[in-house]
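Asker: Supplied in structure tokens, the structure appears directly below.
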Amino acid sequence: MPPKPNREVEPEVALTRLVGEVRAKRLARRLRDAGRAFGAERFDEARKLLVPLVKEAPELPEGRELLGLSFYRMGKWREAIGHLEAFRELAGSTEQHPVLADCHRALGHWSDVEDLWAELGEVSPSAALMIEGRIVLAGSKADQGDIIGAISILEDGWRPPKKPRDHHLRRAYALADLYERSGRSPRARQLFTWIANHDPELADVTARVRALS
């Protein structure tokens, strides 16, 4: 097995090693253009830019990662899995495990979701990454009809922080949604209201509060 690339190495440096200096400059420019397209939510444009890049430099982690994320945002789960698995192997990283797990969840690959969650727990990444993984795991349980189990996953260790960040609010939203689905409307209303007080623009939270009032 070839050594894993250093994620701290600039893509153009890695590309120079893979395809030579002349091609590296052109492909690095293409990668930057794809990044801008992705950031502007032009996911198909990003895909079109990245496919030839990945074909020419399949061992570039950044190319695989961004192409996988583009496919994910387009709802093309199997294609996303292929590239995100390649990124996982090339970079030795769990950064995209929640996205990868969500792809498997969409396809009903429940054991893969569980395995990816277990890997996240083993490496103890950032709190934000763990929360994203927890949300996907809970969603997987709910998809299988285990609403109580899904609630338990999101309730575990949950305390509303005084200064919540986006991932805290996303976890709270998922939990409030499950409360409502399980018939616990007062709990759902309380949590949706807390979210709306911090970010009234998050999804449809304001409408959810009104509907439960």
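By order of appearance in the structure tokens: chains A, B, ..., then residues from 1 within every chain, and ligands from 1 in the order shown.
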I need the helix (DSSP H, G or I) residues of stretch 20-195 of chain A per DSSP on the backbone, written as a PyMOL selection string.

Answerer: chain A and resi 21-39+43-56+61-73+77-91+97-106+110-123+127-143+147-155+166-181+185-195

Asker: Could you make a table, as a Markdown table, of the residues of stretch 80-100 of chain A that have an atom within 9 Å of an atom of stretch 118-132 of chain A, each with its nearest atom pair and distance in Å to one decimal, counting only C-alpha atoms, in chain and number order?

Answerer:
```
| residue | atom | partner | partner_atom | distance |
| --- | --- | --- | --- | --- |
| A:Thr94 | CA | A:Leu120 | CA | 6.7 |
| A:Glu95 | CA | A:Leu129 | CA | 7.3 |
| A:Gln96 | CA | A:Leu129 | CA | 8.6 |
| A:His97 | CA | A:Leu120 | CA | 7.3 |
| A:Pro98 | CA | A:Glu132 | CA | 5.9 |
| A:Val99 | CA | A:Glu132 | CA | 8.5 |
```

Asker: How would the residues just chosen look if you wrote them out with N, CA and C atoms as a PDB file, in the first residue's frame?

Answerer:
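Output saved as again_29.pdb:
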```pdb
ATOM      1  N   THR A  94     -11.174  10.927   9.071  1.00  0.00           N
ATOM      2  CA  THR A  94     -12.594  10.711   9.375  1.00  0.00           C
ATOM      3  C   THR A  94     -13.409  11.992   9.152  1.00  0.00           C
ATOM      4  N   GLU A  95     -12.809  12.992   8.516  1.00  0.00           N
ATOM      5  CA  GLU A  95     -13.472  14.290   8.355  1.00  0.00           C
ATOM      6  C   GLU A  95     -14.825  14.201   7.691  1.00  0.00           C
ATOM      7  N   GLN A  96     -14.964  13.296   6.733  1.00  0.00           N
ATOM      8  CA  GLN A  96     -16.219  13.200   5.987  1.00  0.00           C
ATOM      9  C   GLN A  96     -17.049  11.981   6.383  1.00  0.00           C
ATOM     10  N   HIS A  97     -16.748  11.408   7.539  1.00  0.00           N
ATOM     11  CA  HIS A  97     -17.521  10.240   7.981  1.00  0.00           C
ATOM     12  C   HIS A  97     -19.014  10.529   8.131  1.00  0.00           C
ATOM     13  N   PRO A  98     -19.411  11.678   8.687  1.00  0.00           N
ATOM     14  CA  PRO A  98     -20.862  11.929   8.774  1.00  0.00           C
ATOM     15  C   PRO A  98     -21.528  11.988   7.399  1.00  0.00           C
ATOM     16  N   VAL A  99     -20.866  12.600   6.420  1.00  0.00           N
ATOM     17  CA  VAL A  99     -21.427  12.661   5.072  1.00  0.00           C
ATOM     18  C   VAL A  99     -21.480  11.260   4.466  1.00  0.00           C
TER      19      VAL A  99
END
```

Asker: Taking 5 positions as the minimum chain separation for residues in the same chain, which residues sit within 12 Å of A:Lys25 when counting only C-alpha atoms? Answer as a VMD selection string.

Answerer: chain A and resid 10 to 20 30 to 32 53

Asker: Okay, now the selection with N, CA and C atoms, as a PDB file, in the first residue's frame?

Answerer:
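Written file, again.pdb:
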```
ATOM      1  N   GLU A  10       0.150  21.386   0.272  1.00  0.00           N
ATOM      2  CA  GLU A  10      -0.724  22.112  -0.640  1.00  0.00           C
ATOM      3  C   GLU A  10      -1.069  21.230  -1.842  1.00  0.00           C
ATOM      4  N   PRO A  11      -2.315  21.308  -2.332  1.00  0.00           N
ATOM      5  CA  PRO A  11      -2.703  20.465  -3.466  1.00  0.00           C
ATOM      6  C   PRO A  11      -1.790  20.593  -4.673  1.00  0.00           C
ATOM      7  N   GLU A  12      -1.312  21.814  -4.946  1.00  0.00           N
ATOM      8  CA  GLU A  12      -0.451  21.986  -6.119  1.00  0.00           C
ATOM      9  C   GLU A  12       0.875  21.248  -5.943  1.00  0.00           C
ATOM     10  N   VAL A  13       1.374  21.204  -4.720  1.00  0.00           N
ATOM     11  CA  VAL A  13       2.609  20.464  -4.448  1.00  0.00           C
ATOM     12  C   VAL A  13       2.369  18.973  -4.664  1.00  0.00           C
ATOM     13  N   ALA A  14       1.233  18.489  -4.122  1.00  0.00           N
ATOM     14  CA  ALA A  14       0.905  17.076  -4.302  1.00  0.00           C
ATOM     15  C   ALA A  14       0.683  16.759  -5.780  1.00  0.00           C
ATOM     16  N   LEU A  15       0.022  17.655  -6.500  1.00  0.00           N
ATOM     17  CA  LEU A  15      -0.221  17.443  -7.919  1.00  0.00           C
ATOM     18  C   LEU A  15       1.080  17.409  -8.714  1.00  0.00           C
ATOM     19  N   THR A  16       2.048  18.234  -8.321  1.00  0.00           N
ATOM     20  CA  THR A  16       3.338  18.227  -9.011  1.00  0.00           C
ATOM     21  C   THR A  16       3.984  16.852  -8.924  1.00  0.00           C
ATOM     22  N   ARG A  17       3.850  16.237  -7.756  1.00  0.00           N
ATOM     23  CA  ARG A  17       4.404  14.894  -7.583  1.00  0.00           C
ATOM     24  C   ARG A  17       3.648  13.869  -8.430  1.00  0.00           C
ATOM     25  N   LEU A  18       2.355  14.099  -8.609  1.00  0.00           N
ATOM     26  CA  LEU A  18       1.517  13.121  -9.301  1.00  0.00           C
ATOM     27  C   LEU A  18       1.551  13.263 -10.817  1.00  0.00           C
ATOM     28  N   VAL A  19       1.554  14.523 -11.320  1.00  0.00           N
ATOM     29  CA  VAL A  19       1.400  14.721 -12.772  1.00  0.00           C
ATOM     30  C   VAL A  19       2.460  15.624 -13.393  1.00  0.00           C
ATOM     31  N   GLY A  20       3.388  16.131 -12.584  1.00  0.00           N
ATOM     32  CA  GLY A  20       4.400  17.029 -13.121  1.00  0.00           C
ATOM     33  C   GLY A  20       3.991  18.490 -12.967  1.00  0.00           C
ATOM     34  N   ARG A  30      -8.040  24.278 -11.781  1.00  0.00           N
ATOM     35  CA  ARG A  30      -9.335  23.617 -11.948  1.00  0.00           C
ATOM     36  C   ARG A  30      -9.932  23.266 -10.573  1.00  0.00           C
ATOM     37  N   LEU A  31      -9.093  22.823  -9.663  1.00  0.00           N
ATOM     38  CA  LEU A  31      -9.558  22.485  -8.322  1.00  0.00           C
ATOM     39  C   LEU A  31     -10.084  23.725  -7.604  1.00  0.00           C
ATOM     40  N   ARG A  32      -9.387  24.848  -7.751  1.00  0.00           N
ATOM     41  CA  ARG A  32      -9.859  26.092  -7.133  1.00  0.00           C
ATOM     42  C   ARG A  32     -11.185  26.537  -7.743  1.00  0.00           C
ATOM     43  N   LEU A  53     -10.240  15.946 -13.572  1.00  0.00           N
ATOM     44  CA  LEU A  53      -9.127  16.103 -12.635  1.00  0.00           C
ATOM     45  C   LEU A  53      -8.881  14.798 -11.883  1.00  0.00           C
TER      46      LEU A  53
END
```

Asker: Counting only C-alpha atoms, which residues in stretch 86-156 of chain A sit no more than 12 Å from stretch 173-190 of chain A? For each one, give the nearest pair of atoms and the distance in Å, sorted by chain then residue number, as JSON lines.

Answerer:
```
{"residue": "A:Ile131", "atom": "CA", "partner": "A:Ala174", "partner_atom": "CA", "distance": 10.9}
{"residue": "A:Glu132", "atom": "CA", "partner": "A:Ala174", "partner_atom": "CA", "distance": 10.6}
{"residue": "A:Arg134", "atom": "CA", "partner": "A:Ala174", "partner_atom": "CA", "distance": 10.1}
{"residue": "A:Ile135", "atom": "CA", "partner": "A:Ala174", "partner_atom": "CA", "distance": 6.9}
{"residue": "A:Val136", "atom": "CA", "partner": "A:Ala174", "partner_atom": "CA", "distance": 9.6}
{"residue": "A:Leu137", "atom": "CA", "partner": "A:Ala174", "partner_atom": "CA", "distance": 11.2}
{"residue": "A:Ala138", "atom": "CA", "partner": "A:Ala174", "partner_atom": "CA", "distance": 8.5}
{"residue": "A:Gly139", "atom": "CA", "partner": "A:Ala174", "partner_atom": "CA", "distance": 8.2}
{"residue": "A:Ser140", "atom": "CA", "partner": "A:Ala174", "partner_atom": "CA", "distance": 12.0}
{"residue": "A:Lys141", "atom": "CA", "partner": "A:Leu178", "partner_atom": "CA", "distance": 10.9}
{"residue": "A:Ala142", "atom": "CA", "partner": "A:Leu178", "partner_atom": "CA", "distance": 8.2}
{"residue": "A:Asp143", "atom": "CA", "partner": "A:Leu178", "partner_atom": "CA", "distance": 11.2}
{"residue": "A:Gly145", "atom": "CA", "partner": "A:Ser182", "partner_atom": "CA", "distance": 10.7}
{"residue": "A:Asp146", "atom": "CA", "partner": "A:Ser182", "partner_atom": "CA", "distance": 10.2}
{"residue": "A:Ile147", "atom": "CA", "partner": "A:Leu178", "partner_atom": "CA", "distance": 6.8}
{"residue": "A:Ile148", "atom": "CA", "partner": "A:Ser182", "partner_atom": "CA", "distance": 7.7}
{"residue": "A:Gly149", "atom": "CA", "partner": "A:Leu178", "partner_atom": "CA", "distance": 10.2}
{"residue": "A:Ala150", "atom": "CA", "partner": "A:Leu178", "partner_atom": "CA", "distance": 7.6}
{"residue": "A:Ile151", "atom": "CA", "partner": "A:Leu175", "partner_atom": "CA", "distance": 6.3}
{"residue": "A:Ser152", "atom": "CA", "partner": "A:Leu175", "partner_atom": "CA", "distance": 9.3}
{"residue": "A:Ile153", "atom": "CA", "partner": "A:Leu175", "partner_atom": "CA", "distance": 9.2}
{"residue": "A:Leu154", "atom": "CA", "partner": "A:Leu175", "partner_atom": "CA", "distance": 6.1}
{"residue": "A:Glu155", "atom": "CA", "partner": "A:Leu175", "partner_atom": "CA", "distance": 7.5}
{"residue": "A:Asp156", "atom": "CA", "partner": "A:Leu175", "partner_atom": "CA", "distance": 10.8}
```

Asker: Nearest to A:Ala101 among A:Ala57, A:Leu202, A:Ala86, A:Ile81, with distances taken over only C-alpha atoms: which residue is it?

Answerer: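 Once distances to A:Ala101 are computed over only C-alpha atoms, the minimum belongs to A:Ile81.
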
Asker: May I ask for the distance between atom CA of A:Leu169 and atom CA of A:Thr206, given in Å to one decimal place?

Answerer: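 Pair atom CA of A:Leu169 / atom CA of A:Thr206 returns 13.3 Å.
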
Asker: Please measure the separation of atom CA of A:Phe71 and atom CA of A:Leu100, giving the value in Å to one decimal.

Answerer: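 Separation of atom CA of A:Phe71 and atom CA of A:Leu100: 11.2 Å.
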
Asker: Please compute the atom CA of A:Arg36-atom CA of A:Pro61 distance, one decimal, in Å.

Answerer: 17.4 Å
